[in-house]
Amino acid sequence: MSDKLPVDSKTGSPADDVSEGPTADQDLRQAISILHKLSCSVKKQVLGRDDVIDLTIIALVAGGHVLLEDFPGSGKTTLAKALGEAIKSEESTEDKIFAAFRRIQFTPDLLPSDVTGVPVFDSNSSAFHFRPGPLFAHIVLADEINRTSPKVQSAMLEAMGEKQVTVDNTTYLLDDLFFVIATQNPLDLVGTYPLPTPQLDRFLFKITMNHIDRDSEMSVLETYIDRRNDLLTPEFVTRKQVLSARQAIEDNVNIHTAIKACLVDISRNLRDDDRVLQGNSTRSLVLMLPALQVAAALQHRNFVSAEDIELLLPKVLGHRVELAPGVAGKEKVFSDCMQAPMEQLARSTLL
Amino acid sequence: MNNPASRNTFHRIPGMLRAVIIASAFWALSLSLTVESGSATAVLGCLAACLSADRWVNARPLDQVRLSSIALTTLGFVALTYWLAGLIVNSALMSSLLSPIGAFKTAEALLWFSIGFMASVMLRSLALRTPFGSFLEVLFVATAFIITLSAHRNGMIHRPFFIGDYALIRGLDPATILMVIGCFAVITISALLMVEKDQRRLPYHFVVIALLCLSLIGYVQFFGLPTPSVTDDMGLTGQELSGSRRQRENPFRDGENTSEDKQAPVAVIVFRDDYSPLNGSYYFRESAYSQFNGVMLDYSSRDDMDVDLISSFTNSELSATSMPESEEQHKQVKTTVGMLIPHRNPFGLETPVTYSSAANPNNSRFKRTYDTLSWAPTYNLEFLLGRKAGRESWSDTVRSEYLLLPEDTRYQDLAETIVADLKPEYVDDPFAIAWAIKSYLDKNGTYSLKNDHAYEEDPAASFLFGDLTGYCMHFSFAATYLYRSLGIPARVGIGYSVPASNRAGGSALLIQAVHGHAWPEIYLKDVGWVIVDPAPQKTLVDMSTDPQNELQQMLGDMLRDDTSYTEFMESQRAGLMDIKTLLTVIAAFVVAILCLGYCTRAYRSVAPGFCSTEKKSQFAYRAMLDQLAAVGITRNYGESREHFAMRAAITSPTIQTATATHLACSLGINRQSRSDYWDSLRREVNKEVSENIPGWRRAIGLLNPYSWAFTR
């Protein structure tokens with residue numbers, strides 16, 4: 001994605017020069033540079049997955065979660081780990097509750113407390129103390145999420161939706177940066193509990209990954225020793241930086257009414273389409289807005305444009321829209337429904 | 001567009017337009033088949049059917065019904081109403097309630113409403129449900145107009161009369177008007193078809209169809225429609241011959257010459273100039289048998305023979321290519337001819353030189369009306385004496401064609417015997433020879449309608465060397481052969497001969513079937529074709545007719561009805577625009593549209609120069625897009641601006657920067673942008689376009705007034 005457009009292609013435009021204020025402009029620039037630092041450091045670790053990395057960073061900054069559908073050994077753990085390591089917590093190690101990165105391997109016999117944490121009796125103080133589970137981290141990799149029982153799934157999903165866990169009637173807040181990368185294997189479905197559509201709705205993106213191209217695969221093989229030895233990423237950003245970038249982008253990237261109208265029209269078209277059994281929710285559009293802002297910022301823009309919609313819409317709506325039985329080709333349905341609103345959007349700029 | 005009401009209206013327009021077109025096709029078809037009430041209800045039924053079929057055929061619950069069931073139902077309904085209509089006409093109750101005419105009209109209205117409704121339902125259902133159905137629809141509309149068109153061809157007057165009248169008054173061919181209407185209807189309905197199927201590429205094919213239609217109209221305008229073969233009903237025997245054989249009938253085998261219908265009126269002539277014939281008869285020439293085909297004389301197949309004859313009808317004016325010679329011995333006589341039965345060729349008082357279409361004062365009475373200008377002969381017989389035969393401008397072949405006759409030496413023998421009695425000073429005089437032969441036939445021939453020679457190999461010889469009993473065909477053929485045998489160019493003239501006494505002092509002359517006539521004529525140098533017509537002294541039949549003075553006068557008055565007709569013409573002209581005005585208006589309209597295009601284009605190109613800074617990014621960017629659109633680089637439907645910029649960057653890389661800046665201004669927080677920056681971008685784009693696009697492509701773009709319309 002970012003290799004298609006040069007990083008500094010738009011910075012010279014005069015529209016940026018006369019921005020609303022120097023501070024706002026500076027904030028946004030800082031946020032953009034943070035995003036790029038983050039993506040560069042992850043891209044160093046994970047090769048040939050630039051599009052997935054960008055989407056993951058978009059979801060991270062937009063406060064959503066990602067569901068990856070791919071094959072074992074395709075680098076998703078590496079991706080999650082690299083992301084976790086690229087974000088350093090500025091808190092001191094003693095009172096650090098939140099780890100940078102946790103991985104949960106979901107199995108059928110996993111219990112909710114294995115995920116959330118459990119109160120443990122402390123004989124010294126004769127009281128129960130809460131031992132936080134793996135969810136208390138910045139980045140959580142939920143591997144093969146469809147292999148575990150619905151009970152665990154729902155505990156997981158509460159955490160994702162509310163950014164909190166409730167154990168023994170006590171609610172523990174999770175980190176603001178709490179970000180889940182869940183995976184599921186698209187082929188091996190025996191003994192799984194497929195996620196129902198409302199639960200899928202918690203994920204901002206569902207990304208289906210393909211195998212990386214030949215050159216990338218070659219360089220993965222050639223550089224694996226370097227990357228293994230150089231595990232500590234020299235470049236990293238702090239948790240606070242990411243949060244401030246999130247705020248700056250939310251404040252400074254403009255979403256024009258025409259963009260919102262376009263989104264609404266597309267989802268209306270989708271709901272009206274005969275080939276669609278169930279259209280997307282309004283919530284999905286609300287969740288999409290911050291993602292669009294981050295995507296625009298990644299492109300050095302301070303406004304959301306049609307390009308961002310084209311990029312994100314299939315990823316955001318792909319798992320939320322259910323096609324009628326016997327209809328294949330979601331891409332075709334999406335592009336059909338997008339055509340007229342996108343035309344309207346493009347024309348609106350000249351009106 | 002988001003407003004559902006406005007979207008519905010927008011979607012209904014094509015449907016309504018199509019309904020109107022199909023209804024008008026039905027109307028055109030029903031005109032000649034039913035009365036006004038039937039046509040009107042057919043239109044109503046069709047409109048109702050089209051609109052309701054669009055709405056219901058593919059909606060519940062009708063979408064469950066199979067097409068074949070719909071077809072059977074419609075057929076059943078038509079049959080039912082047919083039966084019902086018959087019931088209404090036949091029932092005594094209905095006719096006493098509504099009067100017989102009213103009952104008939106009601107029945108027609110009912111029947112045609114059902115036909116219109118059911119046929120349209122069928123057409124629309126086919127069009128909506130099957131891929132080929134919409135083409136059937138186009139075909140139907142085309143057929144309806146073609147049928148109407150073919151009824152009008154060759155100058156025939158047919159329904160709808162208001163179109164025919166409008167055209168004929170202005171000297172136009174109604175066929176052209178109908179064809180234009182039909183072409184428009186077909187093109188429109190095809191366009192609707194394309195719009196609905198959303199085939200955006202097809203407008204190109206559509207333009208090709210339009211061009212083809214236009215060229216068809218042009219062709220008809222310049223060369224006319226093919227002439228249908230009309231029966232050669234000269235009324236020689238008072239019977240109309242049916243059939244459309246192009247081959248001439250053997251003129252001797254024209255059936256039994258019964259005297260029935262001899263009185264039937266054939267045409268009426270109104271004399272506009274004073275003229276009375278020399279020899280007591282008005283001759284109206286229609287055509288001539290002049291070429292010997294090995295068996296007998298026939299119509300000439302050569303272009304350079306009989307050039308004085310006019311053998312086609314026209315809606316404007318036709319002149320003979322060859323005028324009679326010796327102008328001072330002819331009088332120019334203007335007449336108006338009203339044909340009461342159809343003829344293949346126009347005819348006129350001998351010698352007709354000009355035909356021009358005339359207003360038809362009563363098209364239920366006259367099949368065709370036209371004005372003729374004739375050079376009627378005023379010479380006396382002395383003037384003809386001492387003339388040479390033939391025309392100098394004739395080629396040798398033409399001259400020999402006029403001298404061909406059957407290889408039968410008896411003709412020449414007989415002719416020489418006749419001529420032998422002439423005084424020596426007249427032995428070499430063609431006219432004197434002709435006159436002697438005519439006198440011989442006058443004296444020895446017997447006029448009879450009995451036709452004993454018809455099946456002889458040469459009926460003329462059988463007549464001449466036999467009992468000398470026959471009618472005009474026999475006399476004229478025999479005389480012509482005798483003239484030719486002595487080297488005098490001769491032919492058989494066909495037409496009508498009316499005794500001068502029939503005119504009875506009025507200016508109108510009625511031609512009846514009995515006046516159909518054939519006569520021999522010879523060509524005298526410096527004079528032209530001179531009729532030397534044998535008039536047998538003995539006759540076995542009474543060929544006199546009752547004078548029909550009243551009919552003659554009535555028809556003459558009708559045809560002559562100048563004042564009322566002029567008023568009619570005036571009233572028509574006052575209300576409707578002249579065709580020239582129409583053309584001028586169309587031309588002005590086209591020029592205005594072109595100017596509008598160029599003006600808009602110019603405005604869009606200079607507008608960035610003086611617009612406000614807020615609008616600068618829009619106007620300047622639009623101007624750049626216009627520039628790219630002019631050379632054929634346009635954004636596709638639904639394509640984002642960034643995508644387009646990426647494509648266009650091959651031609652003009654600057655457009656990418658411009659697009660980013662434009663979008664930042666339009667979608668971003670800040671609407672301001674630097675004016676000079678945009679100007680420099682435009683200059684860049686300009687430069688890149690002229691570098692990367694060939695000159696001819698830019699020239700075409702420059703000429704196109706509506707290139708900006710492709711800017712999205």
# chains A, B, ... in the order shown; residues from 1 in each chain; ligands from 1
>>> residues_around(residues="segment 180-182 of chain B", least_positions_apart="3", cutoff="9 Å", atoms="only C-alpha atoms", output="ChimeraX atom specification")
/B:25,141-142,144-146,149,175-177,185-187,213-214,217
>>> write_last_selection(atoms="C-alpha atoms", output="mmCIF file, in the first residue's frame")
data_model
loop_
_atom_site.group_PDB
_atom_site.id
_atom_site.type_symbol
_atom_site.label_atom_id
_atom_site.label_comp_id
_atom_site.auth_asym_id
_atom_site.auth_seq_id
_atom_site.Cartn_x
_atom_site.Cartn_y
_atom_site.Cartn_z
ATOM 1 C CA ALA B 25 -47.615 2.361 -33.728
ATOM 2 C CA VAL B 141 -42.943 -0.466 -34.222
ATOM 3 C CA ALA B 142 -40.872 -0.569 -37.387
ATOM 4 C CA ALA B 144 -46.316 -0.543 -38.163
ATOM 5 C CA PHE B 145 -44.627 2.441 -39.691
ATOM 6 C CA ILE B 146 -43.496 0.553 -42.742
ATOM 7 C CA LEU B 149 -45.440 4.101 -45.233
ATOM 8 C CA ALA B 175 -43.799 8.989 -47.363
ATOM 9 C CA THR B 176 -40.762 11.011 -46.332
ATOM 10 C CA ILE B 177 -42.545 12.513 -43.355
ATOM 11 C CA ALA B 185 -39.845 6.087 -33.201
ATOM 12 C CA VAL B 186 -37.621 3.092 -33.864
ATOM 13 C CA ILE B 187 -34.480 4.883 -32.795
ATOM 14 C CA CYS B 213 -31.900 5.874 -41.430
ATOM 15 C CA LEU B 214 -30.889 9.356 -42.480
ATOM 16 C CA ILE B 217 -34.407 9.207 -46.141
#
>>> select_by_dssp(residues="segment 117-245 of chain A", states="strand (DSSP E)", output="ChimeraX atom specification")
/A:117-122,127-132,137-143,164-167,170-173,179-184,205-208,237-238
>>> interface_residues(of="chain B", to="chain A", cutoff="7 Å", atoms="only C-alpha atoms", output="ChimeraX atom specification")
/B:618,637-642,660-661,664-670,673-674,712
>>> select_by_dssp(residues="segment 432-558 of chain B", states="helix (DSSP H, G or I)", output="JSON list (two decimals) with C-alpha atoms, in the first residue's frame")
[["chain", "number", "residue", "atom", "x", "y", "z"],
["B", 432, "ALA", "CA", -50.45, 13.01, -98.09],
["B", 433, "ILE", "CA", -49.48, 9.35, -98.08],
["B", 434, "ALA", "CA", -50.68, 8.98, -94.51],
["B", 435, "TRP", "CA", -53.87, 10.73, -95.29],
["B", 436, "ALA", "CA", -54.50, 8.46, -98.30],
["B", 437, "ILE", "CA", -54.00, 5.37, -96.12],
["B", 438, "LYS", "CA", -56.32, 6.80, -93.48],
["B", 439, "SER", "CA", -58.94, 7.49, -96.16],
["B", 440, "TYR", "CA", -58.60, 3.93, -97.44],
["B", 441, "LEU", "CA", -59.25, 2.56, -93.94],
["B", 442, "ASP", "CA", -62.09, 5.05, -93.40],
["B", 443, "LYS", "CA", -63.77, 3.90, -96.55],
["B", 444, "ASN", "CA", -63.23, 0.15, -96.31],
["B", 459, "PRO", "CA", -53.97, -9.59, -85.46],
["B", 460, "ALA", "CA", -53.31, -6.47, -87.50],
["B", 461, "ALA", "CA", -52.63, -8.49, -90.65],
["B", 462, "SER", "CA", -55.62, -10.69, -90.00],
["B", 463, "PHE", "CA", -57.70, -7.57, -89.75],
["B", 464, "LEU", "CA", -56.21, -5.65, -92.64],
["B", 472, "CYS", "CA", -59.32, 1.14, -82.68],
["B", 473, "MET", "CA", -56.47, -1.22, -81.84],
["B", 474, "HIS", "CA", -56.80, -2.97, -85.16],
["B", 475, "PHE", "CA", -57.11, 0.25, -87.11],
["B", 476, "SER", "CA", -54.22, 1.94, -85.37],
["B", 477, "PHE", "CA", -51.88, -1.03, -85.64],
["B", 478, "ALA", "CA", -52.76, -1.61, -89.29],
["B", 479, "ALA", "CA", -52.34, 2.06, -90.13],
["B", 480, "THR", "CA", -49.04, 2.28, -88.27],
["B", 481, "TYR", "CA", -47.66, -0.74, -90.12],
["B", 482, "LEU", "CA", -48.81, 0.72, -93.42],
["B", 483, "TYR", "CA", -47.15, 4.08, -92.64],
["B", 484, "ARG", "CA", -43.98, 2.39, -91.58],
["B", 485, "SER", "CA", -43.89, 0.21, -94.68],
["B", 500, "ALA", "CA", -65.49, 18.05, -78.80],
["B", 501, "SER", "CA", -69.24, 18.21, -78.61],
["B", 502, "ASN", "CA", -69.16, 16.50, -75.20],
["B", 503, "ARG", "CA", -67.78, 19.67, -73.69],
["B", 513, "ALA", "CA", -64.38, 4.48, -70.13],
["B", 514, "VAL", "CA", -65.71, 4.38, -73.64],
["B", 515, "HIS", "CA", -63.34, 7.14, -74.68],
["B", 549, "ASN", "CA", -73.49, 17.11, -68.60],
["B", 550, "GLU", "CA", -74.54, 17.34, -65.01],
["B", 551, "LEU", "CA", -71.89, 14.96, -63.75],
["B", 552, "GLN", "CA", -69.37, 16.66, -65.98],
["B", 553, "GLN", "CA", -70.24, 20.03, -64.58],
["B", 554, "MET", "CA", -70.32, 18.84, -61.00],
["B", 555, "LEU", "CA", -66.95, 17.14, -61.19],
["B", 556, "GLY", "CA", -65.53, 20.11, -63.06],
["B", 557, "ASP", "CA", -66.76, 22.48, -60.38],
["B", 558, "MET", "CA", -65.34, 20.26, -57.72]]
>>> residues_around(residues="segment 523-536 of chain B", least_positions_apart="3", cutoff="6 Å", atoms="only C-alpha atoms", output="PyMOL selection string")
chain B and resi 324-326+388-391+438+442+445-446+489+519-520
>>> residues_around(residues="Val118 of chain A", least_positions_apart="6", cutoff="7 Å", atoms="only C-alpha atoms", output="list in words")
Phe130, Arg131 and Pro132 of chain A
>>> residues_around(residues="Glu235 of chain A", least_positions_apart="2", cutoff="10 Å", atoms="only C-alpha atoms", output="PyMOL selection string")
chain A and resi 37-38+40-42+85-87+232-233+237
